[in-house]
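Engineer: Dropping in final-v3.cif, with mmCIF, C-alpha atoms.
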```cif
data_target
#
loop_
_atom_site.label_atom_id
_atom_site.label_comp_id
_atom_site.auth_asym_id
_atom_site.auth_seq_id
_atom_site.Cartn_x
_atom_site.Cartn_y
_atom_site.Cartn_z
CA MET I 1 -18.20 4.64 -59.16
CA ASN I 2 -20.86 1.99 -58.44
CA VAL I 3 -21.62 -1.52 -59.67
CA ASP I 4 -24.66 -1.72 -61.95
CA VAL I 5 -26.60 -4.98 -61.69
CA LEU I 6 -28.50 -6.81 -64.42
CA LEU I 7 -30.79 -9.68 -63.47
CA GLY I 8 -33.89 -11.62 -64.40
CA LEU I 9 -37.28 -10.87 -62.84
CA GLN I 10 -39.18 -14.06 -63.67
CA TRP I 11 -38.28 -17.76 -63.56
CA GLY I 12 -35.11 -17.42 -65.61
CA ASP I 13 -34.60 -17.58 -69.37
CA GLU I 14 -35.53 -13.91 -69.68
CA GLY I 15 -32.74 -13.10 -72.15
CA LYS I 16 -30.06 -11.74 -69.85
CA GLY I 17 -27.19 -12.86 -72.08
CA LYS I 18 -28.31 -10.76 -75.03
CA ILE I 19 -28.77 -7.59 -72.98
CA VAL I 20 -25.43 -7.98 -71.19
CA ASP I 21 -23.85 -8.30 -74.64
CA VAL I 22 -25.71 -5.17 -75.82
CA LEU I 23 -24.71 -3.16 -72.74
CA THR I 24 -21.10 -4.38 -72.47
CA PRO I 25 -19.63 -1.53 -74.59
CA LYS I 26 -20.66 0.86 -71.78
CA TYR I 27 -18.64 -1.05 -69.16
CA ASP I 28 -15.04 -2.08 -68.52
CA VAL I 29 -15.77 -5.22 -66.48
CA ILE I 30 -18.57 -7.82 -66.61
CA ALA I 31 -18.87 -9.98 -63.47
CA ARG I 32 -21.01 -13.06 -62.83
CA PHE I 33 -22.07 -13.18 -59.18
CA GLN I 34 -24.02 -16.42 -58.61
CA GLY I 35 -25.23 -19.68 -60.13
CA GLY I 36 -23.25 -22.11 -62.20
CA PRO I 37 -23.49 -24.11 -65.42
CA ASN I 38 -27.25 -24.42 -64.90
CA ALA I 39 -27.34 -20.98 -66.56
CA GLY I 40 -27.80 -20.71 -70.30
CA HIS I 41 -27.18 -17.20 -71.59
CA THR I 42 -27.71 -17.05 -75.35
CA ILE I 43 -26.04 -14.44 -77.55
CA GLU I 44 -26.50 -14.05 -81.30
CA PHE I 45 -24.60 -11.78 -83.68
CA ASN I 46 -23.23 -11.93 -87.22
CA GLY I 47 -25.35 -14.99 -87.92
CA SER I 48 -23.79 -17.02 -85.09
CA LYS I 49 -25.37 -18.29 -81.89
CA HIS I 50 -23.45 -18.83 -78.64
CA VAL I 51 -24.73 -20.27 -75.35
CA LEU I 52 -22.76 -19.38 -72.22
CA HIS I 53 -23.08 -21.38 -69.00
CA THR I 54 -20.33 -20.17 -66.67
CA ILE I 55 -18.44 -17.49 -68.57
CA PRO I 56 -19.83 -13.91 -68.37
CA SER I 57 -21.68 -12.59 -71.41
CA GLY I 58 -19.18 -9.80 -72.10
CA ILE I 59 -16.59 -12.25 -73.42
CA PHE I 60 -17.14 -11.38 -77.10
CA HIS I 61 -15.95 -7.81 -76.57
CA LYS I 62 -12.18 -8.18 -76.76
CA SER I 63 -11.26 -5.17 -74.62
CA LYS I 64 -13.50 -6.14 -71.69
CA ILE I 65 -12.54 -8.03 -68.54
CA ASN I 66 -14.88 -10.85 -67.45
CA ILE I 67 -14.89 -11.98 -63.81
CA ILE I 68 -16.34 -15.19 -62.41
CA GLY I 69 -17.15 -14.14 -58.85
CA ASN I 70 -16.97 -15.98 -55.57
CA GLY I 71 -20.73 -16.60 -55.58
CA VAL I 72 -20.48 -18.80 -58.69
CA VAL I 73 -19.98 -22.57 -58.55
CA ILE I 74 -17.72 -23.90 -61.31
CA ASP I 75 -17.56 -27.32 -62.95
CA PRO I 76 -13.99 -27.33 -64.34
CA LEU I 77 -14.79 -29.68 -67.22
CA ILE I 78 -17.87 -27.76 -68.33
CA PHE I 79 -15.85 -24.56 -68.04
CA GLU I 80 -13.00 -25.95 -70.16
CA ASN I 81 -15.36 -27.20 -72.87
CA GLU I 82 -17.13 -23.84 -72.97
CA ALA I 83 -13.84 -21.93 -73.10
CA ASN I 84 -12.51 -24.08 -75.96
CA GLU I 85 -15.68 -23.48 -77.99
CA LEU I 86 -15.38 -19.75 -77.44
CA LYS I 87 -11.74 -19.74 -78.52
CA LEU I 88 -12.80 -21.18 -81.86
CA SER I 89 -14.91 -18.06 -82.37
CA GLY I 90 -11.97 -15.81 -81.57
CA ALA I 91 -13.00 -14.81 -78.05
CA PRO I 92 -9.97 -13.85 -75.86
CA VAL I 93 -10.78 -16.42 -73.21
CA GLU I 94 -7.55 -16.99 -71.29
CA LYS I 95 -6.59 -13.32 -71.51
CA ASN I 96 -9.86 -11.72 -70.45
CA ILE I 97 -11.33 -14.10 -67.86
CA LEU I 98 -10.46 -13.73 -64.18
CA ILE I 99 -11.69 -16.26 -61.60
CA SER I 100 -12.22 -15.58 -57.91
CA LYS I 101 -10.22 -17.93 -55.69
CA LYS I 102 -13.27 -18.10 -53.42
CA ALA I 103 -15.59 -19.56 -56.06
CA HIS I 104 -16.57 -23.11 -55.15
CA ILE I 105 -15.89 -26.14 -57.35
CA ILE I 106 -18.46 -28.68 -58.53
CA LEU I 107 -16.99 -32.15 -58.08
CA PRO I 108 -17.98 -35.15 -60.23
CA THR I 109 -19.62 -36.64 -57.13
CA HIS I 110 -21.77 -33.52 -56.75
CA ARG I 111 -23.36 -34.44 -60.04
CA LEU I 112 -23.92 -38.01 -58.85
CA ILE I 113 -25.61 -36.74 -55.69
CA ASP I 114 -27.80 -34.46 -57.80
CA ALA I 115 -28.92 -37.38 -59.95
CA ALA I 116 -29.50 -39.64 -56.93
CA SER I 117 -31.48 -36.96 -55.10
CA GLU I 118 -33.76 -36.23 -58.06
CA THR I 119 -34.30 -39.94 -58.73
CA ALA I 120 -35.19 -40.55 -55.08
CA LYS I 121 -37.78 -37.74 -55.09
CA GLY I 122 -39.79 -39.39 -57.86
CA LYS I 123 -42.84 -37.29 -58.72
CA ALA I 124 -41.81 -34.68 -56.12
CA LYS I 125 -38.60 -33.81 -58.00
CA ILE I 126 -37.78 -30.12 -58.28
CA GLY I 127 -36.62 -30.19 -61.90
CA SER I 128 -32.87 -29.94 -61.30
CA THR I 129 -30.59 -29.45 -64.30
CA LEU I 130 -28.44 -32.26 -62.80
CA LYS I 131 -25.31 -30.10 -63.01
CA GLY I 132 -24.43 -30.60 -59.34
CA ILE I 133 -25.34 -27.03 -58.41
CA GLY I 134 -27.40 -27.79 -55.29
CA PRO I 135 -24.93 -30.29 -53.79
CA ALA I 136 -22.03 -27.89 -54.40
CA TYR I 137 -23.85 -25.08 -52.57
CA THR I 138 -24.78 -27.57 -49.83
CA ASP I 139 -21.10 -28.31 -49.23
CA LYS I 140 -20.37 -24.58 -49.28
CA VAL I 141 -22.89 -23.93 -46.52
CA SER I 142 -21.80 -26.99 -44.51
CA ARG I 143 -18.20 -25.74 -44.74
CA THR I 144 -16.85 -28.82 -46.46
CA GLY I 145 -16.58 -27.43 -50.02
CA ILE I 146 -13.49 -27.03 -52.17
CA ARG I 147 -12.72 -23.64 -53.68
CA ILE I 148 -10.80 -22.56 -56.77
CA GLY I 149 -7.93 -21.29 -54.61
CA ASP I 150 -7.50 -24.80 -53.19
CA ILE I 151 -6.25 -26.15 -56.52
CA GLN I 152 -3.03 -24.19 -55.98
CA ASN I 153 -2.29 -26.05 -52.75
CA SER I 154 -0.36 -29.31 -52.37
CA SER I 155 -3.17 -30.70 -50.21
CA PHE I 156 -5.78 -30.35 -52.98
CA LYS I 157 -5.91 -33.99 -54.10
CA GLU I 158 -6.13 -35.28 -50.54
CA LYS I 159 -8.94 -32.85 -49.78
CA TYR I 160 -10.69 -33.95 -52.96
CA LYS I 161 -10.33 -37.61 -52.03
CA GLN I 162 -11.85 -37.10 -48.59
CA LEU I 163 -14.86 -35.22 -49.93
CA LYS I 164 -15.33 -37.73 -52.73
CA GLN I 165 -15.50 -40.60 -50.24
CA LEU I 166 -18.02 -38.70 -48.13
CA HIS I 167 -20.19 -38.19 -51.22
CA LEU I 168 -19.98 -41.82 -52.31
CA SER I 169 -20.99 -42.96 -48.85
CA LEU I 170 -23.97 -40.61 -48.95
CA ILE I 171 -25.15 -42.05 -52.26
CA LYS I 172 -24.72 -45.64 -51.08
CA ASP I 173 -25.94 -45.42 -47.49
CA PHE I 174 -28.55 -42.65 -47.62
CA TYR I 175 -29.95 -42.74 -51.15
CA LYS I 176 -29.38 -46.50 -51.46
CA PHE I 177 -28.09 -46.30 -55.04
CA ASP I 178 -25.20 -48.02 -56.75
CA VAL I 179 -23.00 -45.27 -58.22
CA SER I 180 -22.42 -47.30 -61.37
CA ILE I 181 -26.04 -46.81 -62.51
CA PHE I 182 -25.45 -43.09 -63.11
CA LEU I 183 -23.67 -41.55 -66.08
CA ILE I 184 -22.39 -37.97 -66.18
CA ASP I 185 -22.93 -36.41 -69.60
CA LYS I 186 -23.01 -39.96 -71.01
CA LEU I 187 -19.65 -40.79 -69.42
CA SER I 188 -18.88 -43.24 -66.64
CA PHE I 189 -17.87 -41.67 -63.35
CA GLU I 190 -14.27 -42.82 -63.80
CA GLU I 191 -13.96 -41.30 -67.28
CA TYR I 192 -15.61 -38.05 -66.23
CA GLU I 193 -13.34 -37.79 -63.19
CA LYS I 194 -10.26 -38.32 -65.36
CA ARG I 195 -11.27 -35.50 -67.71
CA TRP I 196 -12.27 -33.35 -64.74
CA PHE I 197 -8.73 -33.46 -63.32
CA LYS I 198 -7.32 -32.41 -66.70
CA ALA I 199 -9.73 -29.48 -66.61
CA ILE I 200 -8.41 -28.53 -63.16
CA ASP I 201 -4.96 -28.18 -64.75
CA TYR I 202 -6.51 -26.03 -67.47
CA ILE I 203 -8.03 -23.65 -64.91
CA LYS I 204 -4.57 -23.14 -63.41
CA LYS I 205 -3.65 -21.26 -66.61
CA PHE I 206 -6.10 -18.50 -65.72
CA ASN I 207 -5.57 -15.49 -63.51
CA LEU I 208 -7.01 -16.59 -60.16
CA ILE I 209 -7.76 -13.48 -58.14
CA ASP I 210 -8.95 -12.22 -54.79
CA GLY I 211 -12.13 -11.02 -56.43
CA GLU I 212 -13.38 -8.75 -53.68
CA TYR I 213 -10.11 -6.77 -53.65
CA TYR I 214 -9.95 -6.63 -57.45
CA ILE I 215 -13.49 -5.32 -57.84
CA ASN I 216 -13.23 -2.73 -55.09
CA THR I 217 -9.93 -1.50 -56.52
CA CYS I 218 -11.69 -1.11 -59.87
CA LEU I 219 -14.35 1.02 -58.22
CA GLU I 220 -11.72 3.22 -56.58
CA LYS I 221 -10.13 3.72 -60.01
CA GLN I 222 -13.50 4.62 -61.57
CA ILE I 223 -13.52 1.45 -63.67
CA SER I 224 -17.12 0.62 -64.58
CA ILE I 225 -18.60 -2.78 -63.67
CA LEU I 226 -21.77 -4.59 -64.70
CA ALA I 227 -22.80 -7.50 -62.45
CA GLU I 228 -24.53 -10.27 -64.39
CA GLY I 229 -27.07 -12.47 -62.63
CA ALA I 230 -28.18 -15.95 -63.60
CA GLN I 231 -31.53 -17.77 -63.29
CA GLY I 232 -34.39 -15.44 -62.20
CA SER I 233 -35.67 -13.64 -59.12
CA MET I 234 -38.57 -16.07 -58.66
CA LEU I 235 -35.98 -18.85 -58.29
CA ASP I 236 -34.15 -17.14 -55.41
CA ILE I 237 -33.38 -19.57 -52.57
CA ASP I 238 -35.00 -17.23 -49.99
CA PHE I 239 -37.68 -15.35 -51.92
CA GLY I 240 -38.56 -17.67 -54.79
CA THR I 241 -41.21 -20.38 -55.06
CA TYR I 242 -39.51 -22.60 -52.49
CA PRO I 243 -38.64 -25.48 -52.69
CA PHE I 244 -38.80 -25.22 -56.48
CA VAL I 245 -35.91 -22.77 -56.57
CA THR I 246 -32.21 -22.67 -57.32
CA SER I 247 -29.55 -22.87 -54.60
CA SER I 248 -28.27 -19.28 -54.61
CA ASN I 249 -29.52 -15.74 -54.13
CA THR I 250 -30.52 -14.56 -57.59
CA ILE I 251 -31.74 -11.12 -56.46
CA CYS I 252 -29.72 -7.89 -56.37
CA ALA I 253 -28.50 -8.47 -52.81
CA GLY I 254 -26.74 -11.57 -54.14
CA ALA I 255 -24.42 -9.32 -56.14
CA CYS I 256 -23.01 -7.90 -52.91
CA ILE I 257 -22.36 -11.36 -51.49
CA GLY I 258 -21.31 -12.95 -54.76
CA LEU I 259 -18.73 -10.29 -55.65
CA GLY I 260 -17.72 -8.77 -52.32
CA VAL I 261 -19.12 -5.25 -52.68
CA SER I 262 -21.03 -3.25 -50.08
CA PRO I 263 -24.72 -2.39 -50.60
CA ASN I 264 -23.92 1.32 -50.96
CA LYS I 265 -21.83 0.49 -54.03
CA ILE I 266 -24.85 -0.71 -56.04
CA GLY I 267 -25.89 1.71 -58.78
CA GLU I 268 -28.49 1.04 -61.47
CA VAL I 269 -30.49 -2.18 -61.20
CA ILE I 270 -31.62 -3.36 -64.62
CA GLY I 271 -34.45 -5.90 -64.51
CA ILE I 272 -35.23 -8.10 -67.50
CA PHE I 273 -38.56 -9.75 -68.20
CA LYS I 274 -40.32 -11.39 -71.13
CA ALA I 275 -43.49 -9.94 -72.63
CA TYR I 276 -45.05 -13.20 -71.42
CA CYS I 277 -43.85 -15.83 -68.90
CA THR I 278 -41.98 -19.11 -69.07
CA ARG I 279 -40.70 -21.64 -66.59
CA VAL I 280 -38.52 -24.75 -66.90
CA GLY I 281 -38.96 -27.66 -64.53
CA SER I 282 -41.38 -28.18 -61.66
CA GLY I 283 -43.02 -25.62 -59.42
CA PRO I 284 -45.98 -23.22 -59.37
CA PHE I 285 -46.77 -21.10 -62.41
CA PRO I 286 -50.05 -19.20 -61.90
CA THR I 287 -50.50 -17.99 -65.50
CA GLU I 288 -49.39 -21.20 -67.23
CA LEU I 289 -51.35 -22.03 -70.38
CA LEU I 290 -51.95 -25.72 -70.97
CA ASP I 291 -53.78 -25.16 -74.24
CA GLU I 292 -53.16 -24.20 -77.85
CA THR I 293 -52.17 -20.67 -76.83
CA GLY I 294 -49.43 -22.03 -74.59
CA GLU I 295 -48.22 -24.27 -77.39
CA LEU I 296 -48.20 -21.30 -79.77
CA LEU I 297 -46.11 -19.24 -77.35
CA ARG I 298 -43.64 -22.11 -77.10
CA GLU I 299 -43.48 -22.51 -80.86
CA LYS I 300 -43.16 -18.79 -81.67
CA GLY I 301 -40.69 -18.16 -78.86
CA HIS I 302 -38.59 -21.28 -79.48
CA GLU I 303 -39.03 -21.96 -75.79
CA PHE I 304 -36.66 -24.80 -75.03
CA GLY I 305 -34.05 -24.64 -72.27
CA SER I 306 -30.60 -23.43 -73.36
CA THR I 307 -28.94 -25.75 -70.84
CA THR I 308 -31.29 -28.73 -70.68
CA GLY I 309 -33.19 -28.58 -73.98
CA ARG I 310 -36.40 -29.19 -72.05
CA PRO I 311 -39.57 -27.53 -73.38
CA ARG I 312 -40.43 -24.48 -71.31
CA ARG I 313 -43.85 -24.04 -69.77
CA CYS I 314 -45.49 -20.90 -71.17
CA GLY I 315 -48.13 -18.44 -70.01
CA TRP I 316 -49.21 -14.81 -69.89
CA ILE I 317 -47.25 -12.13 -68.05
CA ASP I 318 -47.80 -12.11 -64.26
CA LEU I 319 -47.75 -8.57 -62.79
CA PRO I 320 -48.04 -9.54 -59.09
CA ALA I 321 -44.92 -11.71 -59.44
CA LEU I 322 -43.18 -9.03 -61.52
CA LYS I 323 -43.97 -6.28 -58.98
CA TYR I 324 -42.68 -8.56 -56.23
CA ALA I 325 -39.37 -9.05 -58.06
CA ILE I 326 -39.05 -5.31 -58.76
CA MET I 327 -39.58 -4.60 -55.06
CA LEU I 328 -36.99 -7.15 -53.92
CA ASN I 329 -34.37 -5.90 -56.35
CA GLY I 330 -34.91 -2.15 -56.22
CA VAL I 331 -35.13 -2.12 -60.02
CA THR I 332 -34.44 1.26 -61.62
CA LYS I 333 -34.73 0.27 -65.30
CA LEU I 334 -36.66 -2.41 -67.16
CA VAL I 335 -35.96 -4.35 -70.34
CA MET I 336 -38.78 -6.26 -72.04
CA MET I 337 -37.72 -9.25 -74.10
CA LYS I 338 -39.38 -11.18 -76.90
CA ALA I 339 -42.00 -8.63 -77.88
CA ASP I 340 -41.78 -10.14 -81.38
CA VAL I 341 -43.12 -13.48 -80.13
CA LEU I 342 -46.52 -11.82 -79.63
CA ASN I 343 -46.63 -10.35 -83.15
CA ASP I 344 -49.33 -12.72 -84.40
CA PHE I 345 -51.63 -12.81 -81.38
CA ASP I 346 -55.09 -11.25 -81.74
CA ILE I 347 -55.51 -10.90 -77.97
CA ILE I 348 -52.77 -10.56 -75.36
CA LYS I 349 -53.59 -11.03 -71.68
CA VAL I 350 -51.97 -9.55 -68.58
CA CYS I 351 -52.50 -10.98 -65.09
CA THR I 352 -53.11 -7.93 -62.86
CA HIS I 353 -53.95 -9.73 -59.60
CA TYR I 354 -55.02 -13.07 -58.13
CA ILE I 355 -58.38 -14.23 -56.78
CA GLN I 356 -58.30 -16.24 -53.55
CA ASP I 357 -61.48 -17.25 -51.68
CA GLY I 358 -63.38 -14.74 -53.79
CA LYS I 359 -61.10 -11.89 -52.75
CA LYS I 360 -58.66 -9.86 -54.83
CA ILE I 361 -55.02 -10.25 -53.78
CA GLU I 362 -52.02 -8.48 -55.28
CA ASN I 363 -49.24 -10.04 -53.19
CA VAL I 364 -47.45 -13.27 -54.04
CA PRO I 365 -48.80 -15.91 -51.59
CA PHE I 366 -46.45 -17.46 -49.03
CA ASN I 367 -46.78 -20.92 -50.53
CA MET I 368 -47.71 -20.76 -54.19
CA ASN I 369 -47.38 -24.55 -54.33
CA ILE I 370 -50.49 -25.36 -52.31
CA GLU I 371 -52.55 -22.19 -51.86
CA ASP I 372 -55.68 -22.11 -54.00
CA PHE I 373 -55.80 -18.97 -56.12
CA THR I 374 -56.42 -18.06 -59.73
CA PRO I 375 -55.08 -15.25 -61.93
CA SER I 376 -57.31 -12.41 -63.07
CA TYR I 377 -56.60 -10.89 -66.48
CA VAL I 378 -57.09 -7.76 -68.54
CA GLU I 379 -56.97 -8.05 -72.32
CA PHE I 380 -55.18 -6.02 -74.99
CA ASN I 381 -55.48 -6.09 -78.74
CA GLY I 382 -52.39 -7.52 -80.40
CA TRP I 383 -50.30 -5.34 -82.70
CA LYS I 384 -50.43 -7.88 -85.55
CA LYS I 385 -47.32 -6.46 -87.15
CA ASN I 386 -43.76 -7.63 -87.74
CA LEU I 387 -41.35 -5.59 -85.61
CA GLU I 388 -38.31 -6.32 -87.78
CA GLY I 389 -36.24 -3.20 -88.39
CA ILE I 390 -37.93 -1.06 -85.73
CA THR I 391 -35.35 0.50 -83.39
CA LYS I 392 -37.19 3.54 -81.99
CA LYS I 393 -40.22 3.61 -79.69
CA ASN I 394 -41.96 6.22 -81.81
CA ASP I 395 -42.04 3.74 -84.70
CA MET I 396 -43.74 0.97 -82.72
CA PRO I 397 -47.31 -0.09 -83.56
CA SER I 398 -49.90 1.77 -81.47
CA ALA I 399 -51.10 -1.45 -79.83
CA LEU I 400 -47.57 -2.23 -78.63
CA LYS I 401 -47.23 1.34 -77.33
CA LYS I 402 -50.43 0.85 -75.30
CA TYR I 403 -49.13 -2.45 -73.92
CA ILE I 404 -45.82 -0.84 -72.90
CA ALA I 405 -47.57 2.20 -71.38
CA PHE I 406 -49.84 -0.02 -69.30
CA LEU I 407 -46.92 -2.06 -67.97
CA GLU I 408 -44.90 1.06 -67.11
CA LYS I 409 -47.87 2.54 -65.24
CA GLU I 410 -48.47 -0.66 -63.28
CA LEU I 411 -44.82 -1.41 -62.54
CA LYS I 412 -43.82 2.22 -61.87
CA VAL I 413 -40.46 1.70 -63.59
CA PRO I 414 -39.54 2.82 -67.14
CA ILE I 415 -39.00 0.22 -69.85
CA ASP I 416 -35.82 1.43 -71.53
CA PHE I 417 -35.28 -1.39 -74.04
CA ILE I 418 -37.60 -3.69 -75.95
CA SER I 419 -36.09 -6.72 -77.63
CA THR I 420 -37.59 -7.76 -80.97
CA GLY I 421 -35.35 -10.71 -81.82
CA PRO I 422 -32.32 -12.70 -80.66
CA ASP I 423 -29.66 -10.69 -82.49
CA ARG I 424 -27.96 -7.85 -80.62
CA THR I 425 -29.19 -5.41 -83.30
CA GLN I 426 -32.86 -6.31 -82.79
CA THR I 427 -33.54 -3.88 -79.98
CA ILE I 428 -35.90 -0.91 -79.65
CA THR I 429 -34.47 1.99 -77.66
CA GLN I 430 -35.74 5.43 -76.79
#
```
Is it possible to give me this structure as structure tokens?
Structural biologist:
Amino acid sequence: MNVDVLLGLQWGDEGKGKIVDVLTPKYDVIARFQGGPNAGHTIEFNGSKHVLHTIPSGIFHKSKINIIGNGVVIDPLIFENEANELKLSGAPVEKNILISKKAHIILPTHRLIDAASETAKGKAKIGSTLKGIGPAYTDKVSRTGIRIGDIQNSSFKEKYKQLKQLHLSLIKDFYKFDVSIFLIDKLSFEEYEKRWFKAIDYIKKFNLIDGEYYINTCLEKQISILAEGAQGSMLDIDFGTYPFVTSSNTICAGACIGLGVSPNKIGEVIGIFKAYCTRVGSGPFPTELLDETGELLREKGHEFGSTTGRPRRCGWIDLPALKYAIMLNGVTKLVMMKADVLNDFDIIKVCTHYIQDGKKIENVPFNMNIEDFTPSYVEFNGWKKNLEGITKKNDMPSALKKYIAFLEKELKVPIDFISTGPDRTQTITQ
């Protein structure tokens, strides 16, 4: 038995939550392997909409186990609030969620550092969600972080106090800010910290596990596992559009590190992409449309961040970037999201390569931030038809079939699913 991996191939917001929810019936365990509450995985069914930030997207299937892996960073208060909302919808939160003891904790001061760092950067800011993700991963790498397993130890509060003081000194002495000028989710630091400690007690109610042993035991027992990624491949700390990236490895290799499984235990790799492109925050975006077409994509696709609410930047699909992500991840299956957003477009464009110094290039440049290149497009006729109710590929409009066939030929990977709406039932399969 192997671990199948599902991840995003663009700059995040591809629709991973919906597809995990659709695929969950095939698996026994759903496991998040990286990222934190900067994720926003949206699931819709039975007329209800749910946005998940830390909790895996299999939580609405009552017989499935959901694991928060060691590669995830957890804000206890955000986690508690999310769990309480899910309980109102009947999700078996405390029963079906397991948390790795090796997952790192986001402290209130991590969020202060995040705010101070972004403020200090001014126009050069990276577009952080201000959830404390980067500072938490920084402490992890510098070997000063606090992990979930630490909350079970008598020395936890003393360890917290020491790290808190280090953070406050950093804000005061390095960033030159008075802590009191920053609010955390509209709360003062003192009030947020008070609620945060109550959330720590809440987390103690959960089954805190040695995740790597648990998952490998599942594999030995032929228990099926789907690893759920967050953000997108182009935001990977090593292979994304650095420095405008997240702080973890979002690609398939991150599943091995973030769950504790060996590379030879990876099975299918399911890559998700939109029929066009979006990006939230700063950073390069070769196919971005700063015109009426871009505005129309945003309007039709309801392109606003699930976590931040910020309007997403929109543009045509970028095949060089998509091929790059497929290569890095070893993708075996593709899922195309939001085909329905393009229903009303007369012409749909696809970036097939870039032009740099008059020459055709198909690779993603080393530094997309400063290198001068432009996208080159081919055009397709739009299908100009509502896709509502279509569930089989044979029933798709001919123009959509041509679009899919072209992408499959270029990407050399089959597109198994095509999403035509936010609800779990709005999916075209073979």
Engineer: From the list I:Met234, I:Leu387, I:Ile361, I:Ile113, which residue is nearest Ala339 of chain I when using all atoms listed in the file?
Structural biologist: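 Among the listed residues, the smallest separation from Ala339 of chain I belongs to I:Leu387.
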Engineer: Between atom CA of Leu23 of chain I and atom CA of Ile78 of chain I, what is the distance in Å, rounded to a tenth?
Structural biologist: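 Computed distance, atom CA of Leu23 of chain I to atom CA of Ile78 of chain I, equals 25.9 Å.
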Engineer: Can you find the residues with an atom no farther than 12 Å from (-53.6, -14.8, -58.7), counting only C-alpha atoms, and report them as a ChimeraX atom specification?
Structural biologist: /I:284-288,317-321,350-365,368,371-377
Engineer: Please evaluate the PyMOL selection byres ((chain I and resi 117) around 10) against the structure above and give the resulting residues as a list in words.
Structural biologist: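 Applied to this file, the PyMOL selection byres ((chain I and resi 117) around 10) returns Arg111, Leu112, Ile113, Asp114, Ala115, Ala116, Glu118, Thr119, Ala120, Lys121, Gly122, Lys125, Ile126, Ser128, Leu130, Pro135, Ile171, Phe174, Tyr175 and Phe177 of chain I.
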Engineer: So, counting only C-alpha atoms, which residue among I:Ile347, I:Val280, I:Ile200, I:Leu52 is closest to Thr308 of chain I?
Structural biologist: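 The closest residue to Thr308 of chain I is I:Val280.
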Engineer: My list of candidates is I:Gln10, I:Asn38, I:Ser282, I:Ser262. Which is closest to Gly134 of chain I when distances are computed with only C-alpha atoms?
Structural biologist: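 Result for the nearest residue to Gly134 of chain I: I:Asn38.
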Engineer: Which residues, named as in the file, does the PyMOL selection byres ((chain I and resi 230-233) around 7) pick out? Answer as a list in words.
Structural biologist: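 Here the PyMOL selection byres ((chain I and resi 230-233) around 7) matches Leu7, Gly8, Leu9, Gln10, Trp11, Gly12, Asp13, Gln34, Gly35, Ala39, Glu228, Gly229, Met234, Leu235, Asp236, Gly240, Thr250, Ile251 and Ala325 of chain I.
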Engineer: Can you tell me, as a PyMOL selection string, what residues are no more than 9 Å from Gly281 of chain I when counting only C-alpha atoms, ignoring any on the same chain fewer than 5 positions away?
Structural biologist: chain I and resi 125-129+244+310-313
Engineer: How many Å separate atom CA of Leu86 of chain I from atom CA of Lys205 of chain I?
Structural biologist: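 Pair atom CA of Leu86 of chain I / atom CA of Lys205 of chain I returns 16.0 Å.
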Engineer: Which polymer residues have any atom within 9 Å of an atom of Leu163 of chain I, counting all atoms listed in the file, with same-chain residues fewer than 2 positions away left out, as a compact mmCIF listing (two decimals) with C-alpha atoms, keeping the file's coordinate frame?
Structural biologist:
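Wrote out32.txt, looks like this:
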```
# COMPACT_ATOMS: atom_id res chain seq x y z
CA LEU I 107 -16.99 -32.15 -58.08
CA THR I 109 -19.62 -36.64 -57.13
CA THR I 144 -16.85 -28.82 -46.46
CA GLY I 145 -16.58 -27.43 -50.02
CA ILE I 146 -13.49 -27.03 -52.17
CA GLU I 158 -6.13 -35.28 -50.54
CA LYS I 159 -8.94 -32.85 -49.78
CA TYR I 160 -10.69 -33.95 -52.96
CA LYS I 161 -10.33 -37.61 -52.03
CA GLN I 165 -15.50 -40.60 -50.24
CA LEU I 166 -18.02 -38.70 -48.13
CA HIS I 167 -20.19 -38.19 -51.22
CA LEU I 168 -19.98 -41.82 -52.31
```
Engineer: Could you give me, as a compact mmCIF listing (two decimals) with C-alpha atoms, in the frame of the given file, the residues within 10 Å of Ala83 of chain I, counting all atoms listed in the file and dropping anything in the same chain fewer than 3 positions from it?
Structural biologist:
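Result saved to result_39.txt:
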```
# COMPACT_ATOMS: atom_id res chain seq x y z
CA LEU I 52 -22.76 -19.38 -72.22
CA THR I 54 -20.33 -20.17 -66.67
CA ILE I 55 -18.44 -17.49 -68.57
CA LEU I 77 -14.79 -29.68 -67.22
CA ILE I 78 -17.87 -27.76 -68.33
CA PHE I 79 -15.85 -24.56 -68.04
CA GLU I 80 -13.00 -25.95 -70.16
CA LEU I 86 -15.38 -19.75 -77.44
CA LYS I 87 -11.74 -19.74 -78.52
CA LEU I 88 -12.80 -21.18 -81.86
CA ALA I 91 -13.00 -14.81 -78.05
CA PRO I 92 -9.97 -13.85 -75.86
CA VAL I 93 -10.78 -16.42 -73.21
CA GLU I 94 -7.55 -16.99 -71.29
CA ILE I 97 -11.33 -14.10 -67.86
```
Engineer: Can you tell me how far atom CA of Asp395 of chain I sits from atom CA of Met336 of chain I, in Å to one decimal?
Structural biologist: 16.5 Å
Engineer: Which one of I:Glu193, I:Glu299, I:Glu268, I:Asp291 sits closest to Asp75 of chain I if you count all atoms listed in the file?
Structural biologist: I:Glu193
Engineer: Could you name the residues that touch His41 of chain I at 7 Å or less, counting all atoms listed in the file, but leaving out those on the same chain fewer than 5 positions away, as number ranges by chain?
Structural biologist: I: 15-17, 51-53
Engineer: Using all atoms listed in the file, which of I:Ser419, I:Asn381, I:Ser224, I:Ser100 sits nearest Lys402 of chain I?
Structural biologist: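 For Lys402 of chain I, the nearest of the candidates is I:Asn381.
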Engineer: Going by the chain IDs and residue numbers used in this file, which residues fall under the PyMOL selection byres ((chain I and resi 406-414) around 7)? Write them as a list in words.
Structural biologist: Lys323, Thr332, Lys333, Leu334, Lys402, Tyr403, Ile404, Ala405, Ile415 and Asp416 of chain I
